[in-house]
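Q: Here you go, this is target00.txt (compact mmCIF, C-alpha atoms).
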```txt
# COMPACT_ATOMS: atom_id res chain seq x y z
CA MET A 1 70.15 142.01 78.69
CA ALA A 2 69.27 141.84 82.41
CA ARG A 3 68.95 138.05 82.16
CA MET A 4 72.39 137.87 80.50
CA ALA A 5 73.90 140.07 83.23
CA VAL A 6 72.49 137.78 85.92
CA SER A 7 73.92 134.72 84.12
CA VAL A 8 77.36 136.32 83.84
CA LEU A 9 77.26 137.27 87.54
CA ALA A 10 76.33 133.69 88.46
CA ILE A 11 79.27 132.36 86.47
CA LEU A 12 81.66 134.81 88.12
CA LEU A 13 80.39 133.92 91.58
CA ALA A 14 80.74 130.21 90.83
CA SER A 15 84.28 130.76 89.60
CA CYS A 16 85.16 132.64 92.78
CA ALA A 17 83.71 129.82 94.87
CA ILE A 18 85.85 127.27 93.07
CA ALA A 19 89.02 129.39 93.34
CA THR A 20 88.61 129.90 97.10
CA ALA A 21 87.62 126.40 98.18
CA SER A 22 87.31 126.19 101.95
CA PHE A 23 90.08 124.22 103.64
CA ASP A 24 87.80 122.93 106.38
CA LYS A 25 85.49 121.41 103.75
CA GLU A 26 88.23 119.99 101.53
CA PHE A 27 90.95 118.85 103.97
CA ASP A 28 91.57 117.14 107.29
CA ILE A 29 94.53 118.06 109.48
CA THR A 30 95.80 114.58 110.24
CA TRP A 31 98.72 115.07 112.60
CA GLY A 32 100.64 117.66 114.58
CA ASP A 33 98.63 117.99 117.82
CA GLY A 34 97.33 121.47 117.07
CA ARG A 35 100.29 122.69 115.02
CA GLY A 36 98.15 122.70 111.89
CA LYS A 37 95.44 125.38 111.85
CA ILE A 38 92.59 126.41 109.54
CA LEU A 39 91.97 130.16 109.78
CA ASN A 40 90.09 133.06 108.15
CA ASN A 41 86.81 131.19 107.73
CA GLY A 42 88.54 128.30 105.99
CA GLN A 43 90.50 130.41 103.50
CA LEU A 44 93.95 129.96 105.10
CA LEU A 45 95.76 126.90 106.43
CA THR A 46 99.04 126.97 108.33
CA LEU A 47 101.37 124.15 109.34
CA GLY A 48 103.84 124.41 112.20
CA LEU A 49 107.06 122.64 113.16
CA ASP A 50 108.92 122.69 116.46
CA LYS A 51 111.44 120.37 118.08
CA THR A 52 108.65 118.06 119.27
CA SER A 53 106.67 117.59 116.06
CA GLY A 54 105.74 118.81 112.63
CA SER A 55 102.23 118.71 111.16
CA GLY A 56 100.30 117.73 108.07
CA PHE A 57 96.97 117.51 106.28
CA GLN A 58 95.29 115.49 103.54
CA SER A 59 92.38 115.96 101.16
CA LYS A 60 89.01 114.49 102.00
CA HIS A 61 88.68 113.43 98.35
CA GLU A 62 90.64 111.06 96.15
CA TYR A 63 91.35 112.17 92.59
CA LEU A 64 91.86 110.18 89.41
CA PHE A 65 93.36 112.84 87.10
CA GLY A 66 92.97 116.56 87.56
CA LYS A 67 94.44 120.05 87.55
CA ILE A 68 95.30 120.98 91.12
CA ASP A 69 96.54 124.41 92.23
CA MET A 70 97.73 125.50 95.65
CA GLN A 71 99.28 128.77 96.78
CA LEU A 72 102.09 128.32 99.31
CA LYS A 73 104.28 130.68 101.30
CA LEU A 74 107.25 128.79 102.68
CA VAL A 75 109.17 128.93 105.96
CA ALA A 76 111.05 132.23 106.11
CA GLY A 77 114.50 132.98 107.51
CA ASN A 78 116.75 130.13 108.53
CA SER A 79 114.74 127.16 107.21
CA ALA A 80 117.70 124.75 107.05
CA GLY A 81 116.71 121.16 107.82
CA THR A 82 112.99 121.71 107.19
CA VAL A 83 110.97 120.17 104.37
CA THR A 84 107.58 121.36 103.17
CA ALA A 85 106.07 118.51 101.16
CA TYR A 86 103.08 118.92 98.82
CA TYR A 87 102.13 115.87 96.80
CA LEU A 88 99.56 113.46 95.40
CA SER A 89 99.82 109.84 96.49
CA SER A 90 97.91 106.56 96.55
CA MET A 91 98.48 103.92 99.22
CA GLY A 92 100.40 100.66 99.46
CA ALA A 93 103.70 99.18 98.34
CA THR A 94 102.91 99.74 94.66
CA HIS A 95 101.65 103.29 95.15
CA ASP A 96 101.80 106.12 92.64
CA GLU A 97 103.00 109.55 93.75
CA ILE A 98 103.66 113.02 92.31
CA ASP A 99 105.90 115.19 94.49
CA PHE A 100 106.76 118.78 95.20
CA GLU A 101 109.18 119.03 98.15
CA PHE A 102 110.68 122.33 99.25
CA LEU A 103 114.03 121.86 100.99
CA GLY A 104 114.92 124.68 103.36
CA ASN A 105 118.27 126.44 103.60
CA GLU A 106 120.31 128.84 105.70
CA THR A 107 119.24 132.48 105.80
CA GLY A 108 119.97 134.18 102.49
CA LYS A 109 120.49 130.95 100.58
CA PRO A 110 117.91 129.61 98.12
CA TYR A 111 115.37 126.87 98.62
CA THR A 112 115.69 123.69 96.55
CA LEU A 113 112.50 122.52 94.83
CA HIS A 114 112.70 118.72 94.71
CA THR A 115 110.30 116.88 92.36
CA ASN A 116 109.73 113.16 91.84
CA VAL A 117 107.27 110.77 90.18
CA PHE A 118 106.55 107.28 91.53
CA THR A 119 104.87 104.62 89.42
CA GLN A 120 103.84 101.33 90.99
CA GLY A 121 106.09 101.97 93.96
CA GLN A 122 109.16 102.92 91.93
CA GLY A 123 110.57 106.43 92.23
CA GLN A 124 114.15 107.62 91.64
CA ARG A 125 112.98 110.15 89.05
CA GLU A 126 114.24 113.21 90.89
CA GLN A 127 114.61 116.61 89.29
CA GLN A 128 115.64 119.57 91.41
CA PHE A 129 115.35 123.31 90.77
CA ARG A 130 116.20 126.66 92.25
CA LEU A 131 113.30 129.10 92.14
CA TRP A 132 113.57 132.44 90.33
CA PHE A 133 111.97 134.29 93.27
CA ASP A 134 111.96 134.21 97.06
CA PRO A 135 109.17 131.73 97.97
CA THR A 136 108.99 133.06 101.55
CA LYS A 137 108.05 136.67 100.75
CA ASP A 138 104.65 136.02 99.20
CA PHE A 139 102.30 133.26 98.07
CA HIS A 140 103.08 131.48 94.79
CA THR A 141 101.00 128.91 92.92
CA TYR A 142 102.29 125.34 92.55
CA SER A 143 100.26 123.19 90.15
CA ILE A 144 99.98 119.53 89.21
CA LEU A 145 98.30 118.76 85.91
CA TRP A 146 97.72 115.00 85.72
CA ASN A 147 95.89 113.52 82.77
CA PRO A 148 96.15 110.18 80.91
CA LYS A 149 99.04 111.42 78.74
CA HIS A 150 101.05 113.80 80.90
CA ILE A 151 102.07 114.84 84.39
CA ILE A 152 103.02 118.51 84.12
CA LEU A 153 104.40 120.39 87.13
CA MET A 154 104.09 124.17 87.11
CA VAL A 155 105.17 127.12 89.23
CA ASP A 156 103.05 130.26 88.77
CA ASP A 157 101.77 128.66 85.55
CA MET A 158 105.34 128.20 84.28
CA PRO A 159 105.90 124.54 83.33
CA ILE A 160 109.03 123.07 84.87
CA ARG A 161 108.59 119.35 84.20
CA ASP A 162 106.60 117.07 81.87
CA PHE A 163 106.50 113.33 82.61
CA ARG A 164 104.90 111.75 79.56
CA ASN A 165 102.91 108.54 79.26
CA LEU A 166 105.25 106.12 77.49
CA GLU A 167 103.42 102.92 78.34
CA GLY A 168 103.75 101.88 74.70
CA LYS A 169 107.51 101.74 75.35
CA GLY A 170 107.07 99.61 78.47
CA ILE A 171 107.31 102.47 80.99
CA ALA A 172 104.70 102.56 83.76
CA PHE A 173 102.49 105.65 84.12
CA PRO A 174 100.11 106.55 86.97
CA LYS A 175 96.59 106.12 85.61
CA ASN A 176 94.68 103.52 87.64
CA GLN A 177 95.19 104.42 91.30
CA PRO A 178 93.24 107.35 92.76
CA MET A 179 95.40 109.69 94.84
CA ARG A 180 94.81 112.07 97.72
CA LEU A 181 96.53 115.42 98.10
CA TYR A 182 98.87 115.62 101.11
CA SER A 183 101.08 118.26 102.61
CA SER A 184 103.35 118.32 105.64
CA LEU A 185 106.03 120.39 107.34
CA TRP A 186 108.66 118.27 109.03
CA ASN A 187 112.26 118.01 110.16
CA ALA A 188 114.61 116.23 107.75
CA ASP A 189 117.97 117.64 108.74
CA ASP A 190 119.65 114.29 108.16
CA TRP A 191 119.47 114.95 104.40
CA ALA A 192 117.46 118.04 103.38
CA THR A 193 120.03 120.85 103.46
CA GLN A 194 123.40 120.43 101.78
CA GLY A 195 123.17 116.66 102.10
CA GLY A 196 122.51 116.84 105.84
CA ARG A 197 125.60 118.92 106.65
CA VAL A 198 123.48 121.83 107.89
CA LYS A 199 121.16 120.97 110.76
CA THR A 200 117.93 122.57 111.93
CA ASP A 201 118.51 125.54 114.23
CA TRP A 202 115.73 125.11 116.76
CA SER A 203 116.32 128.58 118.20
CA HIS A 204 114.29 129.82 115.18
CA ALA A 205 111.33 127.52 115.94
CA PRO A 206 108.41 127.36 115.61
CA PHE A 207 108.61 127.26 111.82
CA SER A 208 105.50 127.92 109.76
CA ALA A 209 104.28 127.42 106.17
CA SER A 210 101.01 128.88 104.84
CA TYR A 211 98.48 127.74 102.24
CA ARG A 212 95.62 129.44 100.42
CA GLY A 213 93.86 129.48 97.05
CA PHE A 214 93.29 125.73 96.71
CA LYS A 215 91.56 124.73 93.49
CA ALA A 216 90.95 121.26 92.06
CA ASP A 217 89.38 120.88 88.63
CA ALA A 218 89.52 117.12 88.80
CA CYS A 219 87.82 113.76 88.58
CA VAL A 220 86.81 112.95 92.16
CA VAL A 221 86.27 109.36 93.25
CA VAL A 222 82.78 108.86 94.71
CA ALA A 223 80.76 105.89 95.96
CA GLY A 224 81.24 102.61 94.15
CA GLY A 225 84.56 103.64 92.60
CA ARG A 226 82.88 106.00 90.17
CA THR A 227 84.39 109.37 89.34
CA ARG A 228 82.73 112.77 89.13
CA CYS A 229 84.53 115.09 86.72
CA GLY A 230 84.14 118.83 86.36
CA ALA A 231 83.20 121.32 89.06
CA SER A 232 80.06 122.50 87.29
CA ILE A 233 79.07 119.46 85.23
CA GLY A 234 79.29 116.86 87.99
CA THR A 235 79.16 113.92 85.63
CA GLU A 236 79.55 110.53 87.29
CA THR A 237 81.33 107.86 85.28
CA ALA A 238 81.88 104.16 85.82
CA PRO A 239 85.24 102.84 87.05
CA GLY A 240 87.82 102.99 84.28
CA THR A 241 85.97 105.68 82.30
CA ALA A 242 87.27 108.83 83.97
CA GLY A 243 87.17 111.87 81.73
CA ALA A 244 83.53 112.40 80.84
CA GLY A 245 82.66 115.90 81.98
CA ALA A 246 86.29 116.87 82.57
CA GLY A 247 87.68 120.23 81.51
CA GLU A 248 90.30 121.12 78.93
CA TRP A 249 93.02 119.89 81.27
CA TYR A 250 92.04 116.27 80.54
CA ASN A 251 93.60 116.42 77.06
CA GLN A 252 96.04 119.26 77.71
CA GLU A 253 99.67 119.09 76.68
CA LEU A 254 102.40 121.68 76.25
CA ASP A 255 102.28 123.63 73.01
CA LEU A 256 105.52 124.81 71.41
CA THR A 257 105.61 128.08 73.35
CA ARG A 258 105.16 126.36 76.71
CA GLN A 259 107.70 123.70 75.79
CA GLN A 260 110.18 126.49 75.14
CA ARG A 261 109.36 128.07 78.51
CA MET A 262 109.92 124.74 80.25
CA ARG A 263 113.27 124.29 78.51
CA TRP A 264 114.24 127.81 79.60
CA VAL A 265 113.51 126.93 83.23
CA GLN A 266 115.42 123.67 82.95
CA ARG A 267 118.44 125.34 81.34
CA ASN A 268 118.62 128.13 83.89
CA TYR A 269 117.24 126.73 87.14
CA MET A 270 117.52 122.93 87.13
CA ILE A 271 120.34 121.80 89.41
CA TYR A 272 119.80 118.02 89.29
CA ASN A 273 118.31 115.64 86.73
CA TYR A 274 118.17 111.89 87.25
CA CYS A 275 118.47 111.43 83.50
CA THR A 276 121.99 112.90 83.52
CA ASP A 277 123.24 110.96 86.56
CA PRO A 278 124.15 107.42 85.47
CA LYS A 279 125.65 106.66 88.91
CA ARG A 280 122.33 107.38 90.63
CA VAL A 281 120.70 104.11 89.57
CA ALA A 282 122.69 100.90 89.71
CA GLN A 283 121.17 99.47 86.55
CA GLY A 284 121.80 102.63 84.55
CA LEU A 285 119.52 105.39 83.35
CA PRO A 286 115.78 104.66 83.19
CA ALA A 287 114.43 103.98 79.70
CA GLU A 288 112.43 107.22 79.49
CA CYS A 289 115.65 109.23 79.66
CA SER A 290 116.53 108.24 76.11
CA MET A 291 113.08 109.02 74.67
```
Hey, can you dump this file as C-alpha cells for me?
A:
Amino acid sequence: MARMAVSVLAILLASCAIATASFDKEFDITWGDGRGKILNNGQLLTLGLDKTSGSGFQSKHEYLFGKIDMQLKLVAGNSAGTVTAYYLSSMGATHDEIDFEFLGNETGKPYTLHTNVFTQGQGQREQQFRLWFDPTKDFHTYSILWNPKHIILMVDDMPIRDFRNLEGKGIAFPKNQPMRLYSSLWNADDWATQGGRVKTDWSHAPFSASYRGFKADACVVVAGGRTRCGASIGTETAPGTAGAGAGEWYNQELDLTRQQRMRWVQRNYMIYNYCTDPKRVAQGLPAECSM
C-alpha cells in the first residue's frame, strides 16, 4: 500500500510539473527591448506594448503534432488597435500556420477572436468569434490540438473549430513541417478594430497581456530531425514516423457531444466564416467549404 501511495504521489507530482512548465526553460523572448518579462520563478510571462514597440516570444522547441494549452489574460480596458497573437508556425514562403489572434476593442465592447489556418503558404481560411466571457478579467485556456487528421481549436476545452485533413480530396493539410509556438502583442490599428476605423489610444499605454499554465503534450523535434513524443515516454522516432509514444491526442477527434458543442458555439458566437463569404476569395469558395 505504501509503495502504491508513493507511485501515485510521483504521478501527481509529474503531472503538476508538466502543467506548470517554466517559461524560461520553454521560451525565448525574441523582441521588445525589455517589454516582455518572465516572472514568478518562470510561472508567468507578460508582454507589453507602448507607442515605441510591442514584444513577443517563441518556443525553444519545434513541434510536429501535439496538444498545446496556454492560459492568457488579455489587454484590459480600451484595447482598440491592439492584437495579441498566439499561433504555431513554420518558416518560409510555403509555411504552415495555425492562428489565434485577439483583436482589441473600445472599452466595454467585446474582443474579436480571429482564427486562421495556413497550408503551404496559403491562408484565407478566417473564422471569427465573439467570446462568451470577458477575456480580460481572468485567465482562460486556449488550446490547439493538431494531429494527422484534425486541427481543433478550443477555448476552455470548448471546441470552436475543426479543420479536417481532406488530402484525399486534393486539399493541403499541415503534416510535414515542424512548427514553433509564437506569441506577440503589437499595434495593428490600421485594421484590427472595426476595420481600422478605431485607432489605438496611446494615453492608455503601456498595454499588457499575461500568460501562464503552458502545457505541450506533443511530438518535439530533436537532433537529426527525429521526434520525441510523450512527456513521460520520451520515445524518439525517425523522420516521418511521428506518433510513437504520443498520447490520446494523436488520434483524437470530436465525438458527437463535442461536435454539438462546437456547432452551438458557431451558431451563437461566430461572426465571420470564410466559407459563407464568396466575395472574399476571387476564385470562389475553397473546396473544403462544400465538404
Q: Mind checking which residues fall within 8 Å of Ala246 in chain A, counting all atoms listed in the file, ignoring those fewer than 6 positions away in the same chain, and posting them as an NGL selection string?
A: :A and (217-219 or 229-230)
Q: Tell me, in Å to one decimal, how far CA of Ser59 in chain A is from CA of Gln128 in chain A.
A: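 These two atoms are separated by 25.5 Å.
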Q: Between A:Gln127, A:Thr193, A:Asn176, A:Gln120, which one has atoms that come closest to Leu153 in chain A, using only C-alpha atoms?
A: A:Gln127
Q: Please build the interface table for range 54-173 of chain A against range 19-38 of chain A with a cut-off of 9 Å, listing for each qualifying residue the nearest atom pair and the distance in Å to one decimal; count only C-alpha atoms, order rows by chain and increasing number, and write it as JSON lines.
A:
```
{"residue": "A:Gly54", "atom": "CA", "partner": "A:Gly32", "partner_atom": "CA", "distance": 5.6}
{"residue": "A:Ser55", "atom": "CA", "partner": "A:Gly32", "partner_atom": "CA", "distance": 3.9}
{"residue": "A:Gly56", "atom": "CA", "partner": "A:Trp31", "partner_atom": "CA", "distance": 5.5}
{"residue": "A:Phe57", "atom": "CA", "partner": "A:Ile29", "partner_atom": "CA", "distance": 4.1}
{"residue": "A:Gln58", "atom": "CA", "partner": "A:Phe27", "partner_atom": "CA", "distance": 5.5}
{"residue": "A:Ser59", "atom": "CA", "partner": "A:Phe27", "partner_atom": "CA", "distance": 4.3}
{"residue": "A:Lys60", "atom": "CA", "partner": "A:Phe27", "partner_atom": "CA", "distance": 5.2}
{"residue": "A:His61", "atom": "CA", "partner": "A:Glu26", "partner_atom": "CA", "distance": 7.3}
```
Q: Restricting it to C-alpha atoms, dump the selection as an mmCIF file, in the frame of the given file.
A:
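Below is the file part.cif, written as the result:
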```cif
data_model
loop_
_atom_site.group_PDB
_atom_site.id
_atom_site.type_symbol
_atom_site.label_atom_id
_atom_site.label_comp_id
_atom_site.auth_asym_id
_atom_site.auth_seq_id
_atom_site.Cartn_x
_atom_site.Cartn_y
_atom_site.Cartn_z
ATOM 1 C CA GLY A 54 105.740 118.810 112.630
ATOM 2 C CA SER A 55 102.230 118.710 111.160
ATOM 3 C CA GLY A 56 100.300 117.730 108.070
ATOM 4 C CA PHE A 57 96.970 117.510 106.280
ATOM 5 C CA GLN A 58 95.290 115.490 103.540
ATOM 6 C CA SER A 59 92.380 115.960 101.160
ATOM 7 C CA LYS A 60 89.010 114.490 102.000
ATOM 8 C CA HIS A 61 88.680 113.430 98.350
#
```
Q: Of the candidates A:Thr52, A:Asn105, A:Thr227, A:Asn41, which one gets nearest to Pro178 in chain A if we count all atoms listed in the file?
A: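 When distances to Pro178 in chain A are compared using all atoms listed in the file, the smallest one comes from A:Thr227.
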Q: Which value, in Å to one decimal, gives the distance between CA of Asn251 in chain A and CA of Gly213 in chain A?
A: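 Separation between CA of Asn251 in chain A and CA of Gly213 in chain A: 23.9 Å.
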Q: Would you compute the distance between CA of Gly104 in chain A and CA of Leu72 in chain A? Give it in Å to one decimal.
A: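 Between CA of Gly104 in chain A and CA of Leu72 in chain A the gap is 13.9 Å.
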Q: If we count only C-alpha atoms, what is near range 113-119 of chain A at a cut-off of 8 Å, once residues fewer than 5 positions away on the same chain are taken out, given as a PDB file with C-alpha atoms, in the coordinates of the input?
A:
```
ATOM      1  CA  THR A  94     102.910  99.740  94.660  1.00  0.00           C
ATOM      2  CA  HIS A  95     101.650 103.290  95.150  1.00  0.00           C
ATOM      3  CA  ASP A  96     101.800 106.120  92.640  1.00  0.00           C
ATOM      4  CA  GLU A  97     103.000 109.550  93.750  1.00  0.00           C
ATOM      5  CA  ILE A  98     103.660 113.020  92.310  1.00  0.00           C
ATOM      6  CA  ASP A  99     105.900 115.190  94.490  1.00  0.00           C
ATOM      7  CA  PHE A 100     106.760 118.780  95.200  1.00  0.00           C
ATOM      8  CA  GLU A 101     109.180 119.030  98.150  1.00  0.00           C
ATOM      9  CA  PHE A 102     110.680 122.330  99.250  1.00  0.00           C
ATOM     10  CA  LEU A 103     114.030 121.860 100.990  1.00  0.00           C
ATOM     11  CA  GLN A 124     114.150 107.620  91.640  1.00  0.00           C
ATOM     12  CA  ARG A 125     112.980 110.150  89.050  1.00  0.00           C
ATOM     13  CA  GLU A 126     114.240 113.210  90.890  1.00  0.00           C
ATOM     14  CA  GLN A 127     114.610 116.610  89.290  1.00  0.00           C
ATOM     15  CA  GLN A 128     115.640 119.570  91.410  1.00  0.00           C
ATOM     16  CA  PHE A 129     115.350 123.310  90.770  1.00  0.00           C
ATOM     17  CA  ARG A 130     116.200 126.660  92.250  1.00  0.00           C
ATOM     18  CA  LEU A 131     113.300 129.100  92.140  1.00  0.00           C
ATOM     19  CA  ALA A 172     104.700 102.560  83.760  1.00  0.00           C
ATOM     20  CA  PHE A 173     102.490 105.650  84.120  1.00  0.00           C
ATOM     21  CA  PRO A 174     100.110 106.550  86.970  1.00  0.00           C
TER      22      PRO A 174
END
```
